[in-house]
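Visitor: Can you keep this structure in mind? I'll have questions shortly.
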Amino acid sequence: MTHFINLTLNGLATGAAYAALALSLVIIYQATRLVNFAQPALALVAVYTAYTVTGITGSYWLGFAAALTAGLVAGAAVERFVIRPIARVSQLNAIIVTLGLLLVVQGLVGMVWGNEQHGFRYAFSYVGRFAPSSVFALVSVGAVALLLFALYRFTPLGLRMRAAAFHPEAARLSGVRVGLMLTAGWAIASCIGALAGMLAGPPFISPNVFDVVFVYGITAAVIGGLDNPFGAVVGGLLIGLGMSYVSGYAGPELATLTALAIVVVVLSVRPDGILSRPTARKV
Amino acid sequence: MSSPTGKSAERATGPGAHAAGSPDTPRGRSRRTLPSPLRHLLFAALGLAAVTGLLLVTGDLTALRLAAVGYTMLAVAGLQLLVGGSGQVSLGHGAFMMIGAYTMTLLVLHQPMLPIAANLLIIVAVSAVAGIAVGAATARLHGPYLAGATLILAVGLPGLTHRYHEFLGGSNGLNIRTAGAPPFLQGVFTDSEWKALVVWTTVVIGLAVLATISSGRLGRRMRSLRDDETAAAMAGVPVGKTKVVAFVIASAAGGLGGGLQAYVLGTATPSSFTLVLSLTLLAALVFGGIGSLWGALWAAVTVVYLQIWATDLARSLELGRNVENNLPVVFFGIVLILVLRFWPLGLHGALTRLGARLRPPTTR
Amino acid sequence: MTAAPLLTVEGLSASYGAVRALDGVSLAIPAGGICAVLGANGAGKTTLLRTVTGLHPSSSGRVLLDGDDITRLPAEKAITRGLAHVPEGGGVIAELTVEENLRLGGLWRSDRRDRSTFTEVMELFPPLAERRGKTASTLSGGERQMLAIGRALMGRPRILLLDEPSLGLAPLVTRQIFGLLRDLRDRTGLTVVLVEQNAAGALAVTDTGFVLNQGRVVAEGASSELLSDDRTRHAYLGF
């Protein structure tokens with residue numbers, strides 16, 4: 001029983017990071033119909049920035065702030081200078097370019113910081129059953145989800161962003177600068193991705209550290225419904241729990257394949273994710 | 001409604017896209033009078049002759065590189081049929097290469113008496129079965145959902161080697177020794193050259209099969225799926241079945257490519273079949289040019305040679321281990337982004353356009 | 001009518017690829033006028049509106065709004081000069097609520113916290129007031145068109161361009177909407193440009209009309225004259 005409780009708490013804490021990553025994927029998918037495979041690379045940049053800043057200043061929180069800022073800036077820059085000129089031509093090409101970015105950024109990080117692992121601190125102590133770092137993970141992701149909801153729902157910026165995503169031309173005819181909204185969406189998404197990185201990175205970081213995290217993040221986004229931020233959070237926590245139980249009871253090597261099984265089963269029943277609203281199919 | 005990616009694939013290829021071996025020149029039309037399997041076999045024979053000639057005048061090192069181009073090309077060509085043909089975007093193609101590679105090593109270890117041809121046929125069968133399993137499980141997924149599921153497959157499958165450590169060798173993988181040139185040819189070909197020849201013989205047969213499928217009824221059905229699934233269904237195309245069949249053919253080609261890789265390199269390790277491999281295969285496909293088997297050739301040449309050049313460059317500049325290890329992948333990524341930025345149809349599209357510009361204008 | 005034109009289009013041309021959709025169109029819309037742009041399918045009516053607003057690039061010619069050159073302004077900037085454009089089908093954002101759609105229309109204004117415009121629009125379109133919390137996807141065709149016009153009015157425009165507001169609407173609803181546009185002009189002095197295939201209906205409510213064919217203006221004049229000009233009617237308007 002203790003084992004079960006420990007696995008549950010662990011699963012929720014790791015699930016929070018998956019949820020954050022899933023959230024960042026969903027924000028971009030909603031805005032551009034694009035799965036951003038470069039998301040783990042952007043998180044990688046953020047986390048290594050934090051590593052360097054913390055190394056110089058000795059302050060974890062300065063590094064944390066630097067990571068979120070780096071995520072924000074990197075996301076905006078990628079959208080504006082890499083994705084936008086290509087997404088105009090072909091969406092498949094834009095997706096492939098995010099893959100290209102992933103390769104480039106992972107390689108560049110390896111060039112600058114080396115392919116070997118570096119130790120990376122938790123925000124708080126990670127020992128004990130209700131470890132402060134786990135609580136921090138859950139609380140911060142919960143807060144981000146609420147903030148995001150409020151942003152979309154209640155602010156003029158959120159209204160503009162939704163308009164730009166749903167109907168770019170109508171948004172333009174209402175005076176919305178659609179390109180700017182896309183950049184803003186990528187920036188916000190990458191900032192949340194950076195948070196996911198800060199939560200999922202410890203105790204060690206290396207250029208490939210987020211490969212598996214990304215897989216669970218995309219799993220969470222897919223089963224929650226790529227169109228639904230709330231689904232991303234639920235999906236993240238579910239995947240966190242599921243993986244924790246599978247690793248604990250059956251062995252960690254089976255975790256990824258279990259994720260695959262979950263995706264296949266969930267999507268066979270609901271092809272657009274658990275929380276998808278049944279929309280009229282445009283024929 | 002077809003998936004957004006499918007729609008764009010359609011735009012990227014255009015209506016004249018044709019995966020057959022012949023370029024769409026006016027002269028190509030007279031060749032079309034030959035039945036398509038025969039025409040593709042003719043092309044295969046020509047290709048094989050060209051490679052053999054190349055092997056005889058170059059050394060061992062080139063032979064190994066040519067072999068790498070061969071098996072990579074076969075794997076990419078399988079993906080071509082899946083993505084360019086039926087519009088299903090798979091990020092897990094490396095998993096099928098891994099299945100092929102492990103099948104090859106297991107066969108050599110446990111059934112050493114089997115000839116290579118038998119091994120290759122078994123590999124096709126095994127990876128096709130794996131393709132049926134995955135294809136049937138994912139047939140209802142579309143667009144990004146399929147991409148996500150196959151991505152997980154690519155990451156998850158190598159984990160099995162740790163799970164079944166005694167059988168699959170864990171992270172060290174499995175090592176084999178494969179036979180070189182048969183005794184009566186030992187003066188003519190070195191072992192490496194012989195292996196390259198075996199690889200290319202398999203590859204050209206595989207490509208001829210893929211080209212024949214692609215230009216036949218099945219290929220047309222796949223393309224109709226890619227263009228508009230609903231319309232295809234209403235026109236009587238069995239959607240689910242065609243999707244699974246495309247997946248199975250792609251898996252068989254991928255598995256065969258992986259099996260040949262293990263045959264040449266004498267090893268299969270989980271670290272050769274990472275997510276990066278799967279992503280590279282798909283990226284290379286788009287980069288080479290979707291919708292034509294020529295694209296697969298450019299893709300394979302680029303993947304193999306960029307890697308080599310970048311490594312050489314880093315070594316000669318003495319940039320240090322960190323740079324040297326990462327330069328090839330960075331290089332590939334940058335070239336990929338630039339090509340897609342300036343030649344959205346990939347290298348093949350760019351070459352075709354260049355060819356059209358160089359050719360004197362013909363009056364029709 | 002001698003008032004200075006509010007909107008002037010001079011020799012405007014635009015193409016889609018190799019197809020020339022607008023071929024040197026010139027027209028002048030007086031301030032406070034209500035004017036119809038007519039023509040068959042593919043005559044260039046929609047392209048004219050899209051090029052004027054800046055949704056589609058022009059290849060030559062000029063667009064002047066109250067004397068200012070707005071030819072090169074992108075749509076989202078042109079809107080802030082007092083131009084409103086209701087695209088074909090209305091361009092209502094189905095996923096947003098009625099109220100959100102309306103708020104969006106006035107979001108660019110610095111006085112967006114002022115609720116008076118919102119109240120006015122609600123009074124103008126009682127059906128929208130009843131459904132302000134519902135998503136726009138639940139509206140009927142006529143209500144959607146009202147919402148589209150309402151959203152355009154939220155920006156307090158000087159000139160309103162409408163692309164086929166009657167498309168897909170019952171004749172009764174069309175008459176209501178046309179009548180409402182005329183009312184608006186009479187009460188507030190709003191200039192209206194009405195692109196229509198429904199020539200008879202449009203000419204009945206407008207002062208002047210332009211007839212486009214293959215990207216050129218082939219006839220223009222007072223709406224009553226156009227209505228009685230049999231040659232133009234038969235050749236281009238089909239009734």
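Ligands are numbered from 1 in the order shown, chains are lettered A, B, ... in the order of the structure tokens, and residues start at 1 in each chain.
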Run DSSP on the backbone and grab whatever in region 105-238 of chain C lands in strand (DSSP E); send it over as a list in words.

Guide: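 The strand (DSSP E) residues within region 105-238 of chain C come out as Ile159, Leu160, Leu161, Leu162, Asp163, Thr191, Val192, Val193, Leu194, Val195, Glu196, Thr208, Gly209, Phe210, Val211, Leu212, Asn213, Arg216, Val217, Val218, Ala219, Glu220, Gly221 and Ala222 of chain C.
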
Visitor: Excluding Tyr236 (chain C) and residues on its chain fewer than 3 positions from it, collect all residues at most 8 Å away from it, counting only C-alpha atoms, and give them as number ranges by chain.

Guide: C: 39-40, 211, 213, 232-233

Visitor: Which residues, written as a list of chain:residue names, have at least one atom at most 6 Å from Pro157 (chain C), with only C-alpha atoms counted and residues fewer than 4 positions away on the same chain left out?

Guide: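 With the cut-off at 6 Å, the set is C:Gly82, C:Leu83, C:Ala84.
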
Visitor: Go ahead and dump the residues you just picked, N, CA and C atoms, as a short mmCIF file (atom, residue, chain, number, x, y, z; two decimals), in the first residue's frame.

Guide:
data_model
loop_
_atom_site.label_atom_id
_atom_site.label_comp_id
_atom_site.auth_asym_id
_atom_site.auth_seq_id
_atom_site.Cartn_x
_atom_site.Cartn_y
_atom_site.Cartn_z
N GLY C 82 -10.95 53.87 -40.17
CA GLY C 82 -12.37 54.11 -40.27
C GLY C 82 -13.05 53.34 -41.38
N LEU C 83 -12.40 52.26 -41.80
CA LEU C 83 -12.95 51.40 -42.85
C LEU C 83 -13.43 50.12 -42.18
N ALA C 84 -14.60 49.63 -42.57
CA ALA C 84 -15.01 48.32 -42.04
C ALA C 84 -15.42 47.45 -43.21
#

Visitor: For Lys241 (chain B), work out the shell of residues within 10 Å, counting only C-alpha atoms and skipping chain neighbours fewer than 4 positions away, then give it as a compact mmCIF listing (two decimals) with C-alpha atoms, in the first residue's frame.

Guide:
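Writing done, so here's out-v1.txt:
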# COMPACT_ATOMS: atom_id res chain seq x y z
CA GLY B 135 -0.81 -0.35 -39.10
CA ALA B 136 -4.00 -2.03 -37.90
CA ALA B 139 -5.43 2.86 -38.90
CA VAL B 237 -11.62 2.90 -52.09
CA VAL B 245 -1.40 -2.04 -46.76
CA ALA B 246 0.61 1.15 -47.24
CA PHE B 247 1.89 0.80 -43.71

Visitor: Give me the residues near region 60-71 of chain C as a list in words, where near means some atom within 8 Å (using only C-alpha atoms) and where sequence neighbours in that chain fewer than 3 positions away do not count.

Guide: Pro5, Leu6, Leu7, Thr8, Val9, Glu10, Gly11, Leu12, Ser13, Ala14, Gly24, Val52, Gly54 and Ala78 of chain C

Visitor: Could you please tell me, as a list in words, which residues of chain C have an atom within 7 Å of chain A when using only C-alpha atoms?

Guide: Ala75, Glu76, Lys77, Ile79, Thr80, His85, Gly91, Ile93, Leu104, Gly105 and Trp108 of chain C

Visitor: So what do you get for CA of Asp207 (chain C) versus CA of Pro127 (chain C), distance-wise?

Guide: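 Distance between the two atoms: 28.6 Å.
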
Visitor: If we count only C-alpha atoms, which residues of chain A reach to within 6 Å of chain B? Please list them as a list of chain:residue names.

Guide: A:Ile86, A:Ser90, A:Gln91, A:Leu92, A:Ile96, A:Val97, A:Gly100, A:Leu103, A:Val104, A:Gly107, A:Met111, A:Gly114, A:Val215, A:Glu253, A:Thr256, A:Leu257, A:Leu260, A:Val283

Visitor: Filtering to C-alpha atoms, could you give me those residues as a tab-separated table (two decimals), in the first residue's frame?

Guide:
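Done, and the output landed in out_32.tsv:
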chain	number	residue	atom	x	y	z
A	86	ILE	CA	7.93	28.15	-44.29
A	90	SER	CA	3.41	23.92	-46.78
A	91	GLN	CA	2.36	22.65	-43.41
A	92	LEU	CA	4.19	19.34	-43.72
A	96	ILE	CA	9.67	18.89	-40.78
A	97	VAL	CA	11.39	22.18	-40.04
A	100	GLY	CA	15.22	20.11	-38.17
A	103	LEU	CA	18.28	18.31	-34.41
A	104	VAL	CA	20.11	21.64	-34.73
A	107	GLY	CA	23.51	19.44	-31.53
A	111	MET	CA	28.65	21.56	-28.86
A	114	GLY	CA	29.03	18.79	-24.11
A	215	VAL	CA	7.20	11.48	-25.76
A	253	GLU	CA	11.56	-0.42	-19.92
A	256	THR	CA	7.06	3.88	-23.26
A	257	LEU	CA	5.38	0.97	-24.94
A	260	LEU	CA	1.86	3.69	-26.96
A	283	VAL	CA	-16.17	17.73	-45.77

Visitor: Within 12 Å of Ala76 (chain A), counting only C-alpha atoms, which residues qualify if same-chain residues fewer than 5 places away don't, as a list in words?

Guide: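 In the requested form, the answer reads Ile28, Leu42, Thr69, Ala70, Gly71, Phe81, Val82, Ile83, Arg84, Gly179, Leu180, Met181, Leu182, Thr183, Ala184, Gly185, Trp186, Ala187, Ile188, Ala189, Ser190 and Cys191 of chain A.
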
Visitor: Going by DSSP on the backbone, which bits of region 56-303 of chain B are alpha helix (DSSP H)? Write them as a count of residues only, please.

Guide: 181

Visitor: Report as a compact mmCIF listing (two decimals) with C-alpha atoms, in the first residue's frame all protein, DNA and RNA residues lying within 10 Å of Ile122 (chain B), evaluated on only C-alpha atoms, omitting residues in the same chain fewer than 2 positions from it.

Guide:
# COMPACT_ATOMS: atom_id res chain seq x y z
CA GLY B 100 14.85 -5.72 -39.51
CA THR B 103 15.93 -10.10 -37.15
CA MET B 104 19.05 -10.25 -39.29
CA LEU B 107 18.98 -15.23 -37.81
CA ILE B 116 21.49 -14.35 -47.10
CA ALA B 117 18.61 -14.33 -49.56
CA ALA B 118 16.54 -16.46 -47.19
CA ASN B 119 17.42 -14.14 -44.31
CA LEU B 120 16.27 -11.14 -46.30
CA VAL B 124 10.56 -8.85 -45.12
CA ALA B 125 8.01 -11.24 -43.63
CA VAL B 126 8.79 -10.32 -40.02
CA SER B 127 8.71 -6.57 -40.59
CA ALA B 128 5.56 -6.89 -42.67
CA LEU B 256 14.74 -4.69 -45.18

Visitor: For CA of Ala350 (chain B) and CA of Leu81 (chain B), determine how far apart the two atoms are, in Å to one decimal place.

Guide: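 Taking CA of Ala350 (chain B) and CA of Leu81 (chain B), their separation equals 20.4 Å.
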
Visitor: Taking only C-alpha atoms into account, name the residue in C:Arg187, C:Arg144, C:Arg72, C:Arg151 that is nearest to Pro165 (chain C).

Guide: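 Closest candidate: C:Arg144.
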